[in-house]
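Shown here: my_file_34.tsv, TSV, C-alpha atoms and all ligand atoms.
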```tsv
chain	number	residue	atom	x	y	z
A	1083	MET	CA	-6.02	-5.88	1.93
A	1084	SER	CA	-7.61	-5.56	-1.47
A	1085	PHE	CA	-10.26	-2.92	-1.90
A	1086	ILE	CA	-12.99	-3.21	-4.50
A	1087	ASN	CA	-14.69	0.09	-5.13
A	1088	TRP	CA	-17.91	-0.27	-7.12
A	1089	ALA	CA	-18.52	3.47	-7.12
A	1090	SER	CA	-15.29	4.24	-8.99
A	1091	ARG	CA	-15.02	0.78	-10.61
A	1092	GLU	CA	-11.59	0.03	-9.21
A	1093	ILE	CA	-9.80	-2.95	-7.78
A	1094	ASN	CA	-7.00	-1.76	-5.49
A	1095	CYS	CA	-4.22	-3.98	-4.18
A	1096	LYS	CA	-1.12	-3.41	-2.09
A	1097	ILE	CA	2.27	-4.78	-3.09
A	1098	VAL	CA	5.33	-4.46	-0.85
A	1099	TYR	CA	8.95	-4.67	-2.01
A	1100	TYR	CA	10.92	-6.31	0.79
A	1101	GLY	CA	14.56	-7.30	1.16
A	1102	PRO	CA	17.93	-6.39	2.66
A	1103	GLY	CA	19.22	-2.82	2.81
A	1104	LEU	CA	20.72	-1.50	-0.45
A	1105	GLY	CA	19.33	-4.47	-2.37
A	1106	GLY	CA	17.59	-2.25	-4.92
A	1107	LYS	CA	13.95	-1.96	-3.78
A	1108	THR	CA	13.75	1.78	-4.28
A	1109	THR	CA	15.57	1.40	-7.60
A	1110	ASN	CA	12.81	-0.99	-8.76
A	1111	LEU	CA	10.12	1.56	-7.98
A	1112	GLN	CA	12.08	4.36	-9.56
A	1113	HIS	CA	12.44	2.38	-12.76
A	1114	ILE	CA	8.74	1.61	-12.84
A	1115	TYR	CA	7.97	5.27	-12.25
A	1116	ASP	CA	10.33	6.41	-15.00
A	1117	ASN	CA	8.98	3.94	-17.53
A	1118	THR	CA	5.21	4.13	-17.30
A	1119	ASN	CA	2.76	6.47	-18.97
A	1120	PRO	CA	1.83	9.58	-17.02
A	1121	GLU	CA	-1.86	8.52	-17.07
A	1122	ALA	CA	-1.03	5.17	-15.46
A	1123	LYS	CA	0.83	6.48	-12.45
A	1124	GLY	CA	0.53	8.91	-9.59
A	1125	ARG	CA	3.27	10.73	-7.80
A	1126	MET	CA	6.12	8.71	-6.30
A	1127	ILE	CA	6.67	9.51	-2.66
A	1128	SER	CA	9.99	8.69	-1.00
A	1129	LEU	CA	10.42	9.17	2.72
A	1130	GLU	CA	14.17	8.84	2.89
A	1131	THR	CA	17.23	9.87	4.86
A	1132	GLU	CA	19.74	12.50	3.77
A	1133	THR	CA	21.75	9.69	2.20
A	1134	GLU	CA	18.83	8.38	0.13
A	1135	ARG	CA	18.23	5.34	2.28
A	1136	THR	CA	14.55	4.56	2.74
A	1137	LEU	CA	13.50	5.84	6.16
A	1138	PHE	CA	9.82	4.88	6.25
A	1139	PHE	CA	8.60	3.89	2.79
A	1140	ASP	CA	8.47	4.67	-0.91
A	1141	PHE	CA	5.03	4.74	-2.48
A	1142	LEU	CA	3.94	4.58	-6.11
A	1143	PRO	CA	0.34	4.18	-7.23
A	1144	LEU	CA	0.09	2.47	-10.60
A	1145	SER	CA	-2.71	1.27	-12.90
A	1146	LEU	CA	-2.12	-1.86	-14.91
A	1147	GLY	CA	-5.17	-1.73	-17.12
A	1148	GLU	CA	-8.82	-2.74	-16.94
A	1149	ILE	CA	-10.65	-6.00	-16.43
A	1150	ARG	CA	-14.42	-6.16	-16.86
A	1151	GLY	CA	-14.64	-2.39	-16.69
A	1152	PHE	CA	-12.69	-2.30	-13.44
A	1153	LYS	CA	-9.40	-0.41	-13.29
A	1154	THR	CA	-6.71	-2.47	-11.60
A	1155	ARG	CA	-4.73	-0.20	-9.33
A	1156	PHE	CA	-1.69	-1.28	-7.44
A	1157	HIS	CA	-0.17	0.57	-4.53
A	1158	LEU	CA	3.52	-0.24	-4.60
A	1159	TYR	CA	5.47	0.26	-1.38
A	1160	THR	CA	9.06	-0.41	-0.40
A	1161	VAL	CA	10.16	-1.00	3.18
A	1162	PRO	CA	13.40	0.29	4.66
A	1163	GLY	CA	15.82	-2.62	4.49
A	1164	GLN	CA	18.18	-1.54	7.26
A	1165	VAL	CA	17.86	-3.95	10.15
A	1166	PHE	CA	17.02	-1.39	12.84
A	1167	TYR	CA	13.94	-0.08	11.01
A	1168	ASP	CA	11.95	-3.17	11.85
A	1169	ALA	CA	9.09	-1.30	13.53
A	1170	SER	CA	8.50	0.61	10.30
A	1171	ARG	CA	8.63	-2.54	8.19
A	1172	LYS	CA	5.86	-4.04	10.29
A	1173	LEU	CA	3.67	-0.99	9.74
A	1174	ILE	CA	4.19	-1.04	5.97
A	1175	LEU	CA	3.32	-4.73	5.76
A	1176	LYS	CA	-0.16	-4.20	7.19
A	1177	GLY	CA	-2.78	-5.03	4.62
A	1178	VAL	CA	-0.28	-6.31	2.06
A	1179	ASP	CA	-1.63	-8.46	-0.81
A	1180	GLY	CA	1.61	-9.48	-2.47
A	1181	ILE	CA	5.36	-9.41	-1.84
A	1182	VAL	CA	8.34	-8.85	-4.10
A	1183	PHE	CA	11.47	-10.02	-2.33
A	1184	VAL	CA	14.46	-8.17	-3.79
A	1185	ALA	CA	17.57	-10.20	-3.05
A	1186	ASP	CA	21.08	-8.82	-3.50
A	1187	SER	CA	23.26	-11.12	-5.62
A	1188	GLN	CA	26.55	-9.90	-4.14
A	1189	VAL	CA	28.27	-12.71	-2.32
A	1190	GLU	CA	28.81	-10.67	0.83
A	1191	ARG	CA	25.04	-10.07	1.07
A	1192	LEU	CA	24.04	-13.71	1.18
A	1193	ASP	CA	23.47	-13.72	4.94
A	1194	ALA	CA	21.64	-10.40	4.76
A	1195	ASN	CA	19.25	-11.92	2.20
A	1196	LEU	CA	18.51	-14.87	4.40
A	1197	GLU	CA	18.05	-12.72	7.49
A	1198	SER	CA	15.65	-10.45	5.65
A	1199	TRP	CA	13.66	-13.42	4.37
A	1200	GLU	CA	13.31	-14.74	7.93
A	1201	ASN	CA	12.35	-11.28	9.10
A	1202	LEU	CA	9.65	-11.17	6.44
A	1203	GLU	CA	8.29	-14.50	7.58
A	1204	ASP	CA	8.28	-13.37	11.24
A	1205	ASN	CA	6.60	-10.09	10.50
A	1206	LEU	CA	3.92	-11.58	8.27
A	1207	SER	CA	3.16	-14.40	10.65
A	1208	SER	CA	2.92	-12.05	13.62
A	1209	GLN	CA	0.22	-10.16	11.72
A	1210	GLY	CA	-1.80	-13.27	11.14
A	1211	TYR	CA	-0.80	-13.92	7.53
A	1212	ASP	CA	-0.25	-17.42	6.27
A	1213	PHE	CA	3.31	-17.05	4.99
A	1214	GLU	CA	3.01	-20.03	2.65
A	1215	THR	CA	0.00	-18.78	0.72
A	1216	ILE	CA	0.47	-15.03	0.41
A	1217	PRO	CA	1.57	-14.24	-3.19
A	1218	LYS	CA	5.34	-13.78	-3.39
A	1219	VAL	CA	7.94	-13.45	-6.10
A	1220	ILE	CA	11.69	-13.35	-5.72
A	1221	GLN	CA	13.98	-11.08	-7.67
A	1222	TYR	CA	17.71	-11.76	-7.76
A	1223	ASN	CA	18.97	-8.25	-8.30
A	1224	LYS	CA	22.42	-6.91	-9.17
A	1225	ARG	CA	23.18	-9.74	-11.57
A	1226	ASP	CA	25.67	-7.35	-13.16
A	1227	VAL	CA	28.14	-7.30	-10.26
A	1228	LYS	CA	31.44	-9.15	-10.59
A	1229	ASN	CA	31.04	-11.07	-7.36
A	1230	ALA	CA	27.47	-12.20	-8.04
A	1231	VAL	CA	26.58	-15.54	-6.48
A	1232	GLU	CA	25.74	-18.22	-9.05
A	1233	LEU	CA	22.05	-18.28	-9.84
A	1234	ALA	CA	21.63	-21.97	-9.03
A	1235	TYR	CA	23.14	-21.42	-5.60
A	1236	LEU	CA	20.97	-18.38	-4.84
A	1237	ARG	CA	17.91	-20.35	-5.90
A	1238	ARG	CA	18.73	-23.24	-3.61
A	1239	ALA	CA	19.33	-20.87	-0.71
A	1240	LEU	CA	16.40	-18.51	-1.14
A	1241	ASN	CA	13.79	-20.31	-3.16
A	1242	PRO	CA	13.43	-23.94	-2.13
A	1243	ASN	CA	9.68	-23.76	-2.80
A	1244	LEU	CA	10.16	-22.67	-6.40
A	1245	LEU	CA	8.23	-19.44	-6.23
A	1246	PRO	CA	8.21	-17.40	-9.43
A	1247	ASP	CA	11.66	-15.79	-9.61
A	1248	PHE	CA	13.48	-13.35	-11.86
A	1249	GLU	CA	17.03	-12.18	-12.48
A	1250	ALA	CA	17.38	-8.42	-12.55
A	1251	VAL	CA	19.68	-5.48	-12.93
A	1252	ALA	CA	17.30	-2.93	-11.46
A	1253	LYS	CA	19.62	0.00	-12.02
A	1254	ASP	CA	19.32	-0.66	-15.78
A	1255	GLY	CA	15.69	-1.73	-15.53
A	1256	ASP	CA	16.33	-5.35	-16.55
A	1257	GLY	CA	13.82	-7.73	-15.03
A	1258	VAL	CA	11.90	-5.03	-13.18
A	1259	LEU	CA	8.66	-5.07	-15.15
A	1260	PRO	CA	8.44	-8.87	-15.46
A	1261	THR	CA	8.78	-9.08	-11.67
A	1262	LEU	CA	5.99	-6.57	-11.20
A	1263	LYS	CA	3.65	-8.24	-13.67
A	1264	SER	CA	4.22	-11.60	-12.08
A	1265	VAL	CA	3.33	-10.44	-8.59
A	1266	ALA	CA	0.34	-8.44	-9.85
A	1267	LYS	CA	-0.97	-11.47	-11.66
A	1268	GLN	CA	-0.58	-13.70	-8.64
A	1269	VAL	CA	-2.33	-11.16	-6.44
A	1270	LEU	CA	-5.36	-11.00	-8.72
A	1271	ILE	CA	-5.54	-14.77	-9.05
A	1272	HIS	CA	-5.22	-15.15	-5.29
A	1273	LEU	CA	-7.95	-12.57	-4.74
A	1274	LYS	CA	-10.23	-14.43	-7.07
A	1275	ARG	CA	-9.54	-17.90	-5.63
A	1276	ASN	CA	-9.80	-16.83	-2.05
A	1277	GLN	CA	-13.38	-15.83	-2.37
B	369	MET	CA	-6.91	-11.66	4.37
B	370	SER	CA	-10.30	-10.22	3.78
B	371	VAL	CA	-11.35	-7.82	1.06
B	372	LEU	CA	-12.96	-4.43	1.53
B	373	ILE	CA	-15.90	-3.93	-0.80
B	374	LEU	CA	-17.54	-0.56	-1.25
B	375	LEU	CA	-20.90	-0.67	-3.03
B	376	GLU	CA	-22.21	2.32	-4.92
B	377	ASN	CA	-25.01	3.21	-2.52
B	378	ASP	CA	-22.73	2.94	0.51
B	379	ALA	CA	-20.19	5.16	-1.24
B	380	ALA	CA	-22.97	7.68	-1.83
B	381	ARG	CA	-24.09	7.55	1.82
B	382	LEU	CA	-20.51	8.14	2.99
B	383	LYS	CA	-20.02	10.95	0.54
B	384	ASN	CA	-23.19	12.63	1.78
B	385	LEU	CA	-21.94	12.64	5.35
B	386	CYS	CA	-18.55	13.94	4.22
B	387	THR	CA	-20.18	16.76	2.29
B	388	GLY	CA	-22.35	17.61	5.29
B	389	LEU	CA	-19.28	17.74	7.50
B	390	LEU	CA	-17.43	19.84	4.94
B	391	GLU	CA	-20.19	22.42	4.94
B	392	LYS	CA	-20.73	22.48	8.69
B	393	THR	CA	-17.02	22.92	9.38
B	394	CYS	CA	-16.35	25.40	6.58
B	395	SER	CA	-13.35	23.23	5.72
B	396	GLN	CA	-11.55	22.67	2.41
B	397	ALA	CA	-11.85	18.94	2.28
B	398	VAL	CA	-13.06	15.87	4.12
B	399	LEU	CA	-11.65	12.46	3.22
B	400	LEU	CA	-12.41	8.97	4.44
B	401	ILE	CA	-9.44	6.65	4.21
B	402	ASP	CA	-8.88	3.06	5.12
B	403	ARG	CA	-5.97	2.14	7.40
B	404	ASP	CA	-4.07	0.65	4.47
B	405	GLY	CA	-4.17	3.97	2.64
B	406	GLN	CA	-7.12	3.30	0.34
B	407	LEU	CA	-9.36	6.26	-0.26
B	408	LEU	CA	-13.04	5.41	0.32
B	409	THR	CA	-14.55	8.75	-0.57
B	410	TRP	CA	-13.99	12.47	-0.22
B	411	SER	CA	-15.66	15.79	-0.54
B	412	GLY	CA	-14.30	19.23	-1.35
B	413	LEU	CA	-10.70	19.81	-2.38
B	414	LEU	CA	-9.12	21.94	-4.99
B	415	LYS	CA	-8.67	20.91	-8.56
B	416	ASP	CA	-5.69	18.63	-9.21
B	417	PHE	CA	-5.12	17.95	-5.54
B	418	ASP	CA	-3.24	14.68	-5.13
B	419	VAL	CA	-5.68	12.68	-3.00
B	420	VAL	CA	-3.88	9.38	-3.56
B	421	SER	CA	-0.63	10.70	-2.06
B	422	LEU	CA	-2.58	12.27	0.77
B	423	ALA	CA	-4.27	8.94	1.54
B	424	SER	CA	-1.00	7.04	1.61
B	425	LEU	CA	0.84	9.62	3.74
B	426	THR	CA	-1.95	10.02	6.29
B	427	ALA	CA	-2.25	6.23	6.57
B	428	GLY	CA	1.50	6.08	7.23
B	429	ASN	CA	1.09	8.88	9.75
B	430	MET	CA	-1.72	7.03	11.53
B	431	ALA	CA	0.24	3.78	11.49
B	432	ALA	CA	3.31	5.45	13.00
B	433	THR	CA	1.16	7.19	15.61
B	434	ASP	CA	-0.42	3.89	16.57
B	435	GLY	CA	3.05	2.43	16.91
B	436	LEU	CA	3.91	5.23	19.32
B	437	ALA	CA	0.69	4.68	21.25
B	438	HIS	CA	1.51	1.02	21.68
B	439	LEU	CA	4.98	1.88	22.96
B	440	LEU	CA	3.32	3.96	25.67
B	441	GLY	CA	0.75	1.29	26.44
B	442	GLU	CA	-2.14	3.15	24.79
B	443	SER	CA	-4.25	1.32	22.24
B	444	SER	CA	-4.51	4.40	20.01
B	445	PHE	CA	-4.37	8.18	20.28
B	446	GLY	CA	-7.69	8.58	18.52
B	447	SER	CA	-6.76	11.72	16.63
B	448	ILE	CA	-3.87	13.78	15.26
B	449	PHE	CA	-3.70	17.50	14.60
B	450	HIS	CA	-1.15	19.20	12.35
B	451	GLN	CA	-1.29	22.97	12.40
B	452	GLY	CA	0.19	24.98	9.56
B	453	ASP	CA	0.45	28.70	8.94
B	454	ARG	CA	-2.52	28.59	6.61
B	455	GLU	CA	-3.69	25.01	6.19
B	456	SER	CA	-4.24	22.55	9.00
B	457	ILE	CA	-5.12	18.89	9.10
B	458	PHE	CA	-7.18	17.03	11.66
B	459	ILE	CA	-7.29	13.23	11.52
B	460	SER	CA	-9.55	11.08	13.64
B	461	ASN	CA	-10.31	7.38	13.92
B	462	VAL	CA	-13.67	6.15	12.65
B	463	GLY	CA	-13.52	2.80	14.37
B	464	ARG	CA	-10.44	0.67	13.89
B	465	ARG	CA	-10.32	0.28	10.13
B	466	VAL	CA	-11.05	3.76	8.81
B	467	PHE	CA	-10.11	7.34	9.64
B	468	VAL	CA	-11.40	10.71	8.57
B	469	VAL	CA	-9.20	13.62	7.47
B	470	VAL	CA	-10.38	17.22	7.63
B	471	ILE	CA	-8.31	19.90	5.88
B	472	PHE	CA	-9.15	23.44	6.89
B	473	ASN	CA	-7.81	26.99	6.96
B	474	GLU	CA	-8.52	30.20	8.87
B	475	ARG	CA	-12.19	30.14	7.83
B	476	SER	CA	-12.59	27.31	10.32
B	477	SER	CA	-11.03	26.31	13.63
B	478	ILE	CA	-9.92	23.17	15.41
B	479	ALA	CA	-12.71	23.64	17.96
B	480	LEU	CA	-15.37	23.79	15.26
B	481	VAL	CA	-13.90	20.78	13.45
B	482	ARG	CA	-13.83	18.70	16.63
B	483	LEU	CA	-17.37	19.70	17.55
B	484	ARG	CA	-18.90	18.89	14.17
B	485	LEU	CA	-16.90	15.74	13.83
B	486	ASP	CA	-18.21	14.50	17.18
B	487	GLU	CA	-21.72	15.01	15.85
B	488	THR	CA	-21.01	13.21	12.57
B	489	LEU	CA	-18.96	10.34	13.92
B	490	PRO	CA	-21.81	8.04	15.01
B	491	GLY	CA	-23.38	8.24	11.54
B	492	LEU	CA	-20.07	7.56	9.84
B	493	LEU	CA	-19.30	4.69	12.14
B	494	GLU	CA	-22.64	3.06	11.46
B	495	ILE	CA	-22.08	3.09	7.70
B	496	VAL	CA	-18.47	1.96	8.01
B	497	ASP	CA	-19.49	-0.96	10.23
B	498	ASP	CA	-22.18	-1.83	7.73
B	499	ILE	CA	-19.62	-1.82	4.90
B	500	LEU	CA	-17.21	-4.00	6.87
B	501	ARG	CA	-19.98	-6.46	7.66
B	502	LYS	CA	-21.06	-6.67	4.02
B	503	SER	CA	-17.43	-6.99	2.88
B	504	SER	CA	-16.94	-10.03	5.05
B	505	GLN	CA	-19.95	-11.65	3.43
B	506	SER	CA	-19.58	-10.75	-0.23
B	507	ASP	CA	-16.79	-11.48	-2.67
B	508	LEU	CA	-15.06	-10.81	-5.94
B	509	SER	CA	-17.30	-13.17	-7.86
B	510	SER	CA	-19.74	-10.29	-8.32
B	511	VAL	CA	-17.12	-8.75	-10.61
B	512	GLY	CA	-16.90	-12.03	-12.51
B	513	ILE	CA	-13.23	-11.94	-13.49
B	514	THR	CA	-11.77	-15.08	-15.07
B	515	ASP	CA	-8.21	-16.41	-14.94
B	516	HIS	CA	-8.08	-15.94	-18.67
B	517	GLU	CA	-8.78	-12.22	-18.34
B	518	ILE	CA	-6.01	-11.89	-15.77
B	519	GLU	CA	-3.61	-13.70	-18.13
B	520	THR	CA	-4.60	-11.41	-20.97
B	521	LEU	CA	-4.02	-8.31	-18.87
B	522	LEU	CA	-0.69	-9.33	-17.37
B	523	GLY	CA	0.69	-11.87	-19.81
B	524	GLU	CA	2.06	-15.36	-19.51
B	525	ASP	CA	5.05	-16.04	-17.31
C	1	LIG	N1	25.37	-2.83	-9.57
C	1	LIG	C1	24.07	-2.64	-9.31
C	1	LIG	N2	23.68	-1.71	-8.42
C	1	LIG	C2	22.36	-1.57	-8.18
C	1	LIG	C3	21.39	-2.36	-8.83
C	1	LIG	N3	20.17	-1.99	-8.39
C	1	LIG	C4	20.37	-1.01	-7.49
C	1	LIG	N4	21.69	-0.74	-7.37
C	1	LIG	C5	22.33	0.28	-6.50
C	1	LIG	O1	22.25	-0.14	-5.14
C	1	LIG	C6	22.12	0.99	-4.30
C	1	LIG	C7	20.95	0.82	-3.35
C	1	LIG	O2	19.75	0.79	-4.08
C	1	LIG	P1	18.34	1.14	-3.42
C	1	LIG	O3	17.30	0.91	-4.45
C	1	LIG	O4	18.39	2.48	-2.77
C	1	LIG	O5	18.27	0.02	-2.29
C	1	LIG	P2	17.10	-0.25	-1.24
C	1	LIG	O6	16.84	-1.71	-1.27
C	1	LIG	O7	15.94	0.63	-1.49
C	1	LIG	O8	17.82	0.14	0.15
C	1	LIG	P3	17.13	0.58	1.55
C	1	LIG	O9	16.22	1.71	1.23
C	1	LIG	O10	18.22	0.98	2.46
C	1	LIG	O11	16.42	-0.62	2.05
C	1	LIG	C8	22.00	2.21	-5.21
C	1	LIG	O12	23.25	2.82	-5.30
C	1	LIG	C9	21.59	1.59	-6.55
C	1	LIG	O13	22.02	2.36	-7.64
C	1	LIG	C10	21.84	-3.35	-9.78
C	1	LIG	O14	21.06	-4.08	-10.39
C	1	LIG	N5	23.18	-3.46	-9.96
C	2	MG	MG	14.97	2.01	-0.37
```

Show me the file's structure as structure tokens.
Ligand SMILES: Nc1nc2c(ncn2[C@@H]2O[C@H](COP(=O)(O)OP(=O)(O)OP(=O)(O)O)[C@@H](O)[C@H]2O)c(=O)[nH]1
Ligand SMILES: [Mg+2]
Amino acid sequence: MSFINWASREINCKIVYYGPGLGGKTTNLQHIYDNTNPEAKGRMISLETETERTLFFDFLPLSLGEIRGFKTRFHLYTVPGQVFYDASRKLILKGVDGIVFVADSQVERLDANLESWENLEDNLSSQGYDFETIPKVIQYNKRDVKNAVELAYLRRALNPNLLPDFEAVAKDGDGVLPTLKSVAKQVLIHLKRNQ
Amino acid sequence: MSVLILLENDAARLKNLCTGLLEKTCSQAVLLIDRDGQLLTWSGLLKDFDVVSLASLTAGNMAATDGLAHLLGESSFGSIFHQGDRESIFISNVGRRVFVVVIFNERSSIALVRLRLDETLPGLLEIVDDILRKSSQSDLSSVGITDHEIETLLGED
């Protein structure tokens, strides 16, 4: 849920990176953290397992500049992608304003992508969100791998509604910032329209 | 989903109550945080303390605790207490959308914090309810942002 604070002149929004385990959600946040000015970001928090899998969430607060004297602040979260952490995913989704779905381009992860997308729909709907209208962007990550599924095929499978989508190699940072800007923009436009 | 809007005078009213609680409990800090991890206001705290991280982690803590409560058939546990060697944290619901965090050390005690919080809670709740009611009625148009300004900030696709 967006939060407009007139006392500190801030517009705060919550963006959640969703997608199958090992798809590269945490890598997206890490790249953003590593490539933004110190003044624009807060500390990145990662609640992870011994093996660096997300256990509860990653969190990164980030400013993307001012509009009309209001700072736009985005709280970026990732969920744990592993299937059995579903209870945690539901908690992280509460109050979300926009979704980045990080898909894994590797051919053997095609089913995992689809399952995660359905899981997202279930979890949002069960919290009273209208799945069709909440701002979403899709990122096809790991475009660098040898066994990457053809883009056209991934699109047909994951993005029949032609949401904004981006190819990415998150581990090199490619496509990470365009994905973020796109979702941030949609969130602000949605916030404005919905009033 | 709805938007939470905090106006300047409501922020000042909340801050006043937080400062009052801070003084009466001899604590280090009092923070009011929304369930999604947004910081409404706070009082006290040391220089350079990372309030944004604290807000996000306590919100996650409250969310996980609520999840546990539901598993046991409770609607909520109402409060959480973490006791450290020097610093302790007490977290309590202020209605369903907001919670208050009190950070204290050996100058205070959990009994004192609970007592003073019980006294302050009705006042806090009244303001929070008022804010939620106003939020449901007002909107972003008061900020007056245009699509063009959003495009300028975040660029074309
Ligand atoms: N080849 C390749 N590997 C990547 C890319 N992006 C991330 N990885 C690797 O994939 C692995 C998993 O990345 P994470 O960011 O931890 O994945 P995650 O989605 O956060 O996983 P969970 O926390 O379990 O949900 C790491 O070893 C990354 O280095 C990419 O674009 N290409
Ligand atoms: Mg992760």

Compute the chain B side of the contact with chain A at 8 Å, counting all atoms listed in the file, and hand it back as a VMD selection string. chain B and resid 369 to 377 379 404 406 408 420 to 421 424 428 431 to 432 435 507 to 509 511 to 513 515 517 to 519 521 to 523 525

Please tabulate, as CSV, the residues of chain A that come within 7 Å of ligand MG 2 (chain C), each with its closest pair of atoms and the distance in Å to one decimal, counting all atoms listed in the file and ordering rows by chain, then residue number upward.
```
residue,atom,partner,partner_atom,distance
A:Leu1104,CA,C:MG2,MG,6.7
A:Gly1106,CA,C:MG2,MG,6.8
A:Lys1107,CA,C:MG2,MG,5.3
A:Thr1108,CA,C:MG2,MG,4.1
A:Arg1135,CA,C:MG2,MG,5.4
A:Thr1136,CA,C:MG2,MG,4.0
A:Thr1160,CA,C:MG2,MG,6.4
A:Val1161,CA,C:MG2,MG,6.7
A:Pro1162,CA,C:MG2,MG,5.5
A:Gly1163,CA,C:MG2,MG,6.8
```

Need the shell around Ala1234 (chain A): protein/DNA/RNA residues with any atom at most 12 Å away, counting all atoms listed in the file. Skip same-chain ones fewer than 6 positions apart. Format as JSON, numbers by chain? {"A": [1187, 1222, 1240, 1241, 1242, 1244, 1247, 1249]}

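Atom pair CA of Ser1198 (chain A) / CA of Val1182 (chain A): separated by 12.3 Å.
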
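The interatomic distance for the pair CA of Glu455 (chain B) and CA of Asn473 (chain B) works out to 4.6 Å.
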
Find the nearest atom pair between each residue of chain A and ligand LIG 1 (chain C) for residues within 8 Å, count all atoms listed in the file, give distances in Å to one decimal, sort rows by chain and ascending number, and present the table as a Markdown table.
```
| residue | atom | partner | partner_atom | distance |
| --- | --- | --- | --- | --- |
| A:Tyr1100 | CA | C:LIG1 | O6 | 7.8 |
| A:Gly1101 | CA | C:LIG1 | O6 | 6.5 |
| A:Pro1102 | CA | C:LIG1 | O11 | 6.0 |
| A:Gly1103 | CA | C:LIG1 | O11 | 3.6 |
| A:Leu1104 | CA | C:LIG1 | O8 | 3.4 |
| A:Gly1105 | CA | C:LIG1 | O6 | 3.9 |
| A:Gly1106 | CA | C:LIG1 | O3 | 3.2 |
| A:Lys1107 | CA | C:LIG1 | O6 | 3.8 |
| A:Thr1108 | CA | C:LIG1 | O3 | 3.7 |
| A:Thr1109 | CA | C:LIG1 | O3 | 3.6 |
| A:Asn1110 | CA | C:LIG1 | O3 | 6.5 |
| A:Glu1130 | CA | C:LIG1 | O9 | 7.6 |
| A:Glu1134 | CA | C:LIG1 | O4 | 6.6 |
| A:Arg1135 | CA | C:LIG1 | O9 | 4.3 |
| A:Thr1136 | CA | C:LIG1 | O9 | 3.6 |
| A:Leu1137 | CA | C:LIG1 | O9 | 7.0 |
| A:Thr1160 | CA | C:LIG1 | O7 | 7.0 |
| A:Val1161 | CA | C:LIG1 | O11 | 6.4 |
| A:Pro1162 | CA | C:LIG1 | O11 | 4.1 |
| A:Gly1163 | CA | C:LIG1 | O11 | 3.2 |
| A:Gln1164 | CA | C:LIG1 | O10 | 5.4 |
| A:Val1184 | CA | C:LIG1 | O6 | 7.3 |
| A:Asn1223 | CA | C:LIG1 | O14 | 5.1 |
| A:Lys1224 | CA | C:LIG1 | O14 | 3.4 |
| A:Arg1225 | CA | C:LIG1 | O14 | 6.2 |
| A:Asp1226 | CA | C:LIG1 | N5 | 5.6 |
| A:Val1227 | CA | C:LIG1 | N1 | 5.3 |
| A:Ala1250 | CA | C:LIG1 | O14 | 6.1 |
| A:Val1251 | CA | C:LIG1 | O14 | 3.2 |
| A:Ala1252 | CA | C:LIG1 | O14 | 4.1 |
| A:Lys1253 | CA | C:LIG1 | N3 | 4.2 |
| A:Asp1254 | CA | C:LIG1 | O14 | 6.6 |
| A:Gly1255 | CA | C:LIG1 | O14 | 7.8 |
| A:Asp1256 | CA | C:LIG1 | O14 | 7.9 |
```

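Relative to CA of Ala1230 (chain A), CA of Arg1191 (chain A) is found at 9.7 Å.
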
Contacts of Asp434 (chain B) at 8 Å (only C-alpha atoms; same-chain gap of 2+ positions) as a list of chain:residue names: B:Met430, B:Ala431, B:Ala432, B:Leu436, B:Ala437, B:His438, B:Ser443, B:Ser444, B:Phe445

Expected file contents, prior selection, C-alpha atoms, as a PDB file, in the frame of the given file:
```
ATOM      1  CA  MET B 430      -1.720   7.030  11.530  1.00  0.00           C
ATOM      2  CA  ALA B 431       0.240   3.780  11.490  1.00  0.00           C
ATOM      3  CA  ALA B 432       3.310   5.450  13.000  1.00  0.00           C
ATOM      4  CA  LEU B 436       3.910   5.230  19.320  1.00  0.00           C
ATOM      5  CA  ALA B 437       0.690   4.680  21.250  1.00  0.00           C
ATOM      6  CA  HIS B 438       1.510   1.020  21.680  1.00  0.00           C
ATOM      7  CA  SER B 443      -4.250   1.320  22.240  1.00  0.00           C
ATOM      8  CA  SER B 444      -4.510   4.400  20.010  1.00  0.00           C
ATOM      9  CA  PHE B 445      -4.370   8.180  20.280  1.00  0.00           C
TER      10      PHE B 445
END
```

Using all atoms listed in the file, determine which residues lie at most 7 Å from Val466 (chain B), disregarding the query and same-chain residues fewer than 5 positions distant; provide the list as a PyMOL selection string. chain B and resi 400-403+461

Can you tell me, as a list in words, what residues are no more than 6 Å from Ile457 (chain B) when counting all atoms listed in the file, ignoring any on the same chain fewer than 3 positions away? Phe449, His450, Val470 and Ile471 of chain B
